[in-house]
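K.L.:
Before I ask anything, here is the structure I am working with.
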Amino acid sequence: MSRFERKILFAIGLAVFLALGGSIFLAQGALRDVYAVGVNERFGAELVHGVEARRGQLMALREGSDQAADAVLWAIEAQLASSRSGRRLERPLGELLARYEMVQSIRVIDGAGQTVATVARSPDRRGDELRTTIRDRETGVGAQRFRIAVEVSVPERYFQRLQEAGEVADVYSRLQQQGASISDVYAWVFGVLAFLVILVAFLIGAIVSRRVTRRVTDLAEASRRVGAGDLTVALPTGARDEVAELTMAFNEMVHDLRDSRTRIEYLQRIGAWQDFARRLAHEIKNPLTPIQLAAQEMAETYEGEDEVFQKKLQQARAIIEEEVATLRRLVGEFSAFAKLPRADLSPSDLCELMHSIENSIPAVLEDVGHGVAAPVEVRLSCATEPIRVRMDPMMLKRGVDNIVRNAIQAVYGAHPNGGGRVLVHAYQSKGSGFVEVRDNGPGIDEEHWERVFDPYYTSKAEGTGLGLAIVKKVVLEHGGQVRLDRALEGGARFRIELPLMES
């Protein structure tokens, strides 16, 4: 695990621990405060007192019903004793029933089990449920025995209230006994949840930090490779974030460094070839004049009569002078290549360059056709708006002339009787100005695309292979690029790219 990753995880863990630690502390305090307010001894005592009060009320009601039953029994016994029979008791029983509200019914039963007299209260219209109790008492009047049954009642709601109050008091008592344990349980549950949240946060943080740190580590490793000279490094950008922007900037930097190194290496190689061409031209040019003079002197000073030898001498002189002329032409090309100046850049318009090239096309056609204009169609076009770049018009024109000349020669060789076309077009796109040369000639094999810009490489029977090397040197000194690929017309396409001037 990298230091950067450890720092990210430490920051995440510290933030989570502080937040959840404070939450646990506050939650546990809040739970204890809730129990301290809602579950306290005073409130519990009041509940117990309420239960006792309801129980006392119910007991008082029961005692009252018992006393009412006893009073009714005593009154009936006195009535039976005075009448010595169970007749004419309905009226006294009715009065007793009206006097005592708790009495629901009264029955007087003789010794034979026959009901002598009975009264009963009408059902309560309010619908209150009642809990009834029957009090029996036997009494005798003379030889007769009577059993008196008095039914007394207590409203059921008093029992229900007592039961409810007892249940509430019991629950409250359990809560009071378990208050500390319940708060501890909640605290533990909250702690476990907090631990799970911390664990998940760490996992997410590890995943995120691993992704970020891996990309940063890749950048560091790529930087070390670039520092060691490897400019082929290219990192994937991935997600759209700051690290991705840094990666894109790194890739662009490496690309620029690679282009710069390629440009510098090519220019250094061209410089070495220029120095070689300068020395070669000097070494070849010096003996050419003595060789030509010697051949001329040998042919002119011969005074013999041998005509055959005289003829051979003249032929040798002609061959020597022709080859010397060829060598002089090569020396001239070498000298021109060796003396190629550096580009003097100034603000210019590519469209003006196109007009200058157009003026030189007839001369190129006549030169390729050996005095007769070659039957090749050359079309030049440019954008309607100026294409402002910094360039050396003379040197860039020389480079484009070389490409156009090569294209005309290739097309003329493939279509000597006409039908050949060369298209030269200037335009701008995506911050760059372009000069594109396309033809419908035989084209160049793809395996030779990179080598065609090397000095002295040529596929033609005649030529030094310096034309495209000069083109690339000129374009590189303009801060641009020149590329070769296949044209839509089937031939070769050369495209010169130059940076536009800032508006």
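Residue numbers start at 1 in each chain; chains themselves are named A, B, ... in the order of the structure tokens; ligands are numbered from 1 in the order shown.
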How would you write, as a PyMOL selection string, the set of residues in segment 344-373 of chain A that DSSP gives as alpha helix (DSSP H)?

P.N.:
chain A and resi 350-368

K.L.:
Got time to write the residues from that selection, C-alpha atoms, as an mmCIF file, in the first residue's frame?

P.N.:
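Output below, filename out_14.cif:
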```cif
data_model
loop_
_atom_site.group_PDB
_atom_site.id
_atom_site.type_symbol
_atom_site.label_atom_id
_atom_site.label_comp_id
_atom_site.auth_asym_id
_atom_site.auth_seq_id
_atom_site.Cartn_x
_atom_site.Cartn_y
_atom_site.Cartn_z
ATOM 1 C CA LEU A 350 -0.728 29.662 -47.633
ATOM 2 C CA CYS A 351 -3.041 30.802 -50.429
ATOM 3 C CA GLU A 352 -0.366 33.213 -51.690
ATOM 4 C CA LEU A 353 2.074 30.292 -51.668
ATOM 5 C CA MET A 354 -0.381 28.321 -53.806
ATOM 6 C CA HIS A 355 -0.463 31.138 -56.377
ATOM 7 C CA SER A 356 3.341 31.177 -56.492
ATOM 8 C CA ILE A 357 3.420 27.406 -57.026
ATOM 9 C CA GLU A 358 0.804 27.679 -59.763
ATOM 10 C CA ASN A 359 3.039 30.038 -61.704
ATOM 11 C CA SER A 360 5.880 27.512 -61.732
ATOM 12 C CA ILE A 361 3.794 24.524 -62.872
ATOM 13 C CA PRO A 362 4.249 25.090 -66.662
ATOM 14 C CA ALA A 363 8.023 25.071 -66.319
ATOM 15 C CA VAL A 364 7.885 21.833 -64.302
ATOM 16 C CA LEU A 365 5.667 20.179 -66.934
ATOM 17 C CA GLU A 366 8.078 21.135 -69.716
ATOM 18 C CA ASP A 367 11.065 19.923 -67.726
ATOM 19 C CA VAL A 368 9.401 16.566 -67.028
#
```

K.L.:
I want to know what sits within 12 Å of Gln409 of chain A, based on only C-alpha atoms, with residues of the same chain fewer than 4 positions away left out; could you give that as a CSV table (one decimal) with N, CA and C atoms, in the first residue's frame?

P.N.:
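This went into result_6.csv:
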```csv
chain,number,residue,atom,x,y,z
A,364,VAL,N,7.7,23.2,-64.8
A,364,VAL,CA,7.9,21.8,-64.3
A,364,VAL,C,7.4,20.8,-65.3
A,365,LEU,N,6.2,21.1,-65.9
A,365,LEU,CA,5.7,20.2,-66.9
A,365,LEU,C,6.6,20.1,-68.1
A,366,GLU,N,7.2,21.2,-68.6
A,366,GLU,CA,8.1,21.1,-69.7
A,366,GLU,C,9.4,20.4,-69.4
A,367,ASP,N,9.8,20.6,-68.1
A,367,ASP,CA,11.1,19.9,-67.7
A,367,ASP,C,10.8,18.4,-67.7
A,368,VAL,N,9.7,18.0,-67.1
A,368,VAL,CA,9.4,16.6,-67.0
A,368,VAL,C,9.2,16.0,-68.4
A,369,GLY,N,8.6,16.8,-69.3
A,369,GLY,CA,8.3,16.3,-70.7
A,369,GLY,C,9.5,16.5,-71.6
A,370,HIS,N,10.7,16.9,-71.1
A,370,HIS,CA,11.9,17.1,-71.9
A,370,HIS,C,11.7,18.1,-73.0
A,373,ALA,N,5.5,20.1,-72.8
A,373,ALA,CA,4.6,20.0,-71.6
A,373,ALA,C,4.1,18.6,-71.5
A,374,ALA,N,4.3,18.0,-70.3
A,374,ALA,CA,3.8,16.6,-70.1
A,374,ALA,C,2.3,16.6,-70.0
A,375,PRO,N,1.6,15.6,-70.6
A,375,PRO,CA,0.1,15.6,-70.6
A,375,PRO,C,-0.4,15.2,-69.2
A,376,VAL,N,-0.2,16.1,-68.2
A,376,VAL,CA,-0.6,15.8,-66.8
A,376,VAL,C,-1.5,17.0,-66.4
A,378,VAL,N,-2.8,19.3,-63.7
A,378,VAL,CA,-2.5,19.8,-62.3
A,378,VAL,C,-3.5,20.9,-61.9
A,402,ASN,N,9.2,20.3,-54.9
A,402,ASN,CA,9.8,18.9,-55.0
A,402,ASN,C,8.7,17.9,-55.0
A,403,ILE,N,7.7,18.0,-54.1
A,403,ILE,CA,6.6,17.0,-54.0
A,403,ILE,C,5.8,17.0,-55.3
A,404,VAL,N,5.5,18.2,-55.8
A,404,VAL,CA,4.7,18.3,-57.1
A,404,VAL,C,5.5,17.7,-58.2
A,405,ARG,N,6.8,18.0,-58.3
A,405,ARG,CA,7.6,17.5,-59.4
A,405,ARG,C,7.6,15.9,-59.3
A,413,GLY,N,4.9,8.9,-65.8
A,413,GLY,CA,5.3,7.6,-66.1
A,413,GLY,C,4.2,6.5,-66.2
A,414,ALA,N,3.2,6.7,-65.4
A,414,ALA,CA,2.1,5.8,-65.4
A,414,ALA,C,1.1,6.1,-66.5
A,415,HIS,N,0.9,7.3,-66.9
A,415,HIS,CA,0.0,7.7,-67.9
A,415,HIS,C,0.7,8.6,-68.9
A,416,PRO,N,1.6,8.1,-69.7
A,416,PRO,CA,2.4,8.9,-70.7
A,416,PRO,C,1.5,9.6,-71.8
A,420,GLY,N,-3.4,11.5,-66.5
A,420,GLY,CA,-2.8,11.7,-65.2
A,420,GLY,C,-3.3,13.0,-64.5
A,421,ARG,N,-3.4,13.0,-63.2
A,421,ARG,CA,-3.9,14.1,-62.5
A,421,ARG,C,-3.1,14.3,-61.2
A,422,VAL,N,-2.8,15.6,-60.9
A,422,VAL,CA,-2.2,15.9,-59.6
A,422,VAL,C,-3.0,17.0,-59.0
A,439,ASP,N,-2.2,12.4,-56.2
A,439,ASP,CA,-2.1,12.0,-57.6
A,439,ASP,C,-2.7,10.7,-57.8
A,440,ASN,N,-2.9,10.3,-59.1
A,440,ASN,CA,-3.5,9.0,-59.4
A,440,ASN,C,-2.5,8.1,-60.1
A,441,GLY,N,-1.2,8.3,-59.7
A,441,GLY,CA,-0.1,7.5,-60.2
A,441,GLY,C,0.0,6.2,-59.5
A,442,PRO,N,1.1,5.5,-59.6
A,442,PRO,CA,1.2,4.1,-59.1
A,442,PRO,C,1.3,4.1,-57.5
A,443,GLY,N,1.6,5.3,-56.9
A,443,GLY,CA,1.7,5.3,-55.5
A,443,GLY,C,3.1,4.7,-55.0
A,460,LYS,N,13.8,5.8,-58.0
A,460,LYS,CA,13.9,6.1,-59.4
A,460,LYS,C,15.3,5.8,-59.9
A,462,GLU,N,17.1,7.6,-61.9
A,462,GLU,CA,17.9,8.8,-61.8
A,462,GLU,C,17.4,9.6,-60.6
A,463,GLY,N,18.4,10.2,-60.0
A,463,GLY,CA,18.0,11.1,-58.8
A,463,GLY,C,18.9,10.7,-57.7
```

K.L.:
If we count only C-alpha atoms and set the cut-off at 10 Å, which residues sit around Arg390 of chain A, ignoring sequence neighbours fewer than 3 positions away in its own chain? Please answer as a PyMOL selection string.

P.N.:
chain A and resi 344-350+393+478-479+498-501

K.L.:
Need the shell around segment 256-271 of chain A: protein/DNA/RNA residues with any atom at most 7 Å away, counting only C-alpha atoms. Skip same-chain ones fewer than 2 positions apart. Format as a CSV table (one decimal) with C-alpha atoms, in the first residue's frame?

P.N.:
```csv
chain,number,residue,atom,x,y,z
A,231,LEU,CA,9.2,8.1,-25.0
A,252,GLU,CA,0.5,15.1,-24.5
A,253,MET,CA,3.8,16.0,-23.0
A,254,VAL,CA,5.3,12.6,-23.9
A,273,TRP,CA,24.3,14.3,-44.3
A,274,GLN,CA,24.7,18.0,-45.3
A,275,ASP,CA,28.3,17.9,-43.9
A,473,LYS,CA,13.8,19.4,-43.2
A,476,LEU,CA,10.4,20.5,-39.5
```

K.L.:
Would you compute the distance between atom CA of Ala201 of chain A and atom CA of Thr237 of chain A? Give it in Å to one decimal.

P.N.:
26.0 Å

K.L.:
If I take atom CA of Ala165 of chain A and atom CA of Ala60 of chain A, how far is one from the other in Å, to one decimal?

P.N.:
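Calculated distance between atom CA of Ala165 of chain A and atom CA of Ala60 of chain A is 17.4 Å.
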
K.L.:
May I have all residues of segment 347-388 of chain A that DSSP, computed from the backbone, assigns to strand (DSSP E or B), given as number ranges by chain?

P.N.:
A: 347-349, 376-382, 388

K.L.:
Skipping near chain neighbours, those fewer than 6 positions away, what residues fall within 8 Å of segment 325-328 of chain A using only C-alpha atoms, listed as a list in words?

P.N.:
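Non-adjacent residues within range: Ile284, Lys285 and Leu288 of chain A.
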
K.L.:
Write out the residues from the selection above, keeping C-alpha atoms, as a PDB file, in the first residue's frame.

P.N.:
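Result went into out-v2.pdb, see below:
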```pdb
ATOM      1  CA  ILE A 284      34.441  15.155 -56.384  1.00  0.00           C
ATOM      2  CA  LYS A 285      34.428  18.689 -57.797  1.00  0.00           C
ATOM      3  CA  LEU A 288      36.518  16.943 -62.430  1.00  0.00           C
TER       4      LEU A 288
END
```

K.L.:
At what distance in Å, to one decimal, does atom CA of Arg210 of chain A lie from atom CA of Ala228 of chain A?

P.N.:
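Going from atom CA of Ala228 of chain A over to atom CA of Arg210 of chain A, I get 26.3 Å.
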
K.L.:
Give me, as a list in words, all polymer residues having an atom no more than 7 Å from segment 445-457 of chain A, counting only C-alpha atoms and skipping those fewer than 6 positions away in the same chain.

P.N.:
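Near segment 445-457 of chain A, the qualifying residues are Thr464, Gly465, Leu466, Leu468, Ala469, Lys472 and Leu484 of chain A.
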
K.L.:
For Val437 of chain A, list every protein, DNA or RNA residue within 7 Å, evaluated using only C-alpha atoms, and leave out those in the same chain fewer than 4 positions away; present the list as a list in words.

P.N.:
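Here the qualifying residues turn out to be Val404, Leu423, Val424, His425, Arg493, Phe494 and Arg495 of chain A.
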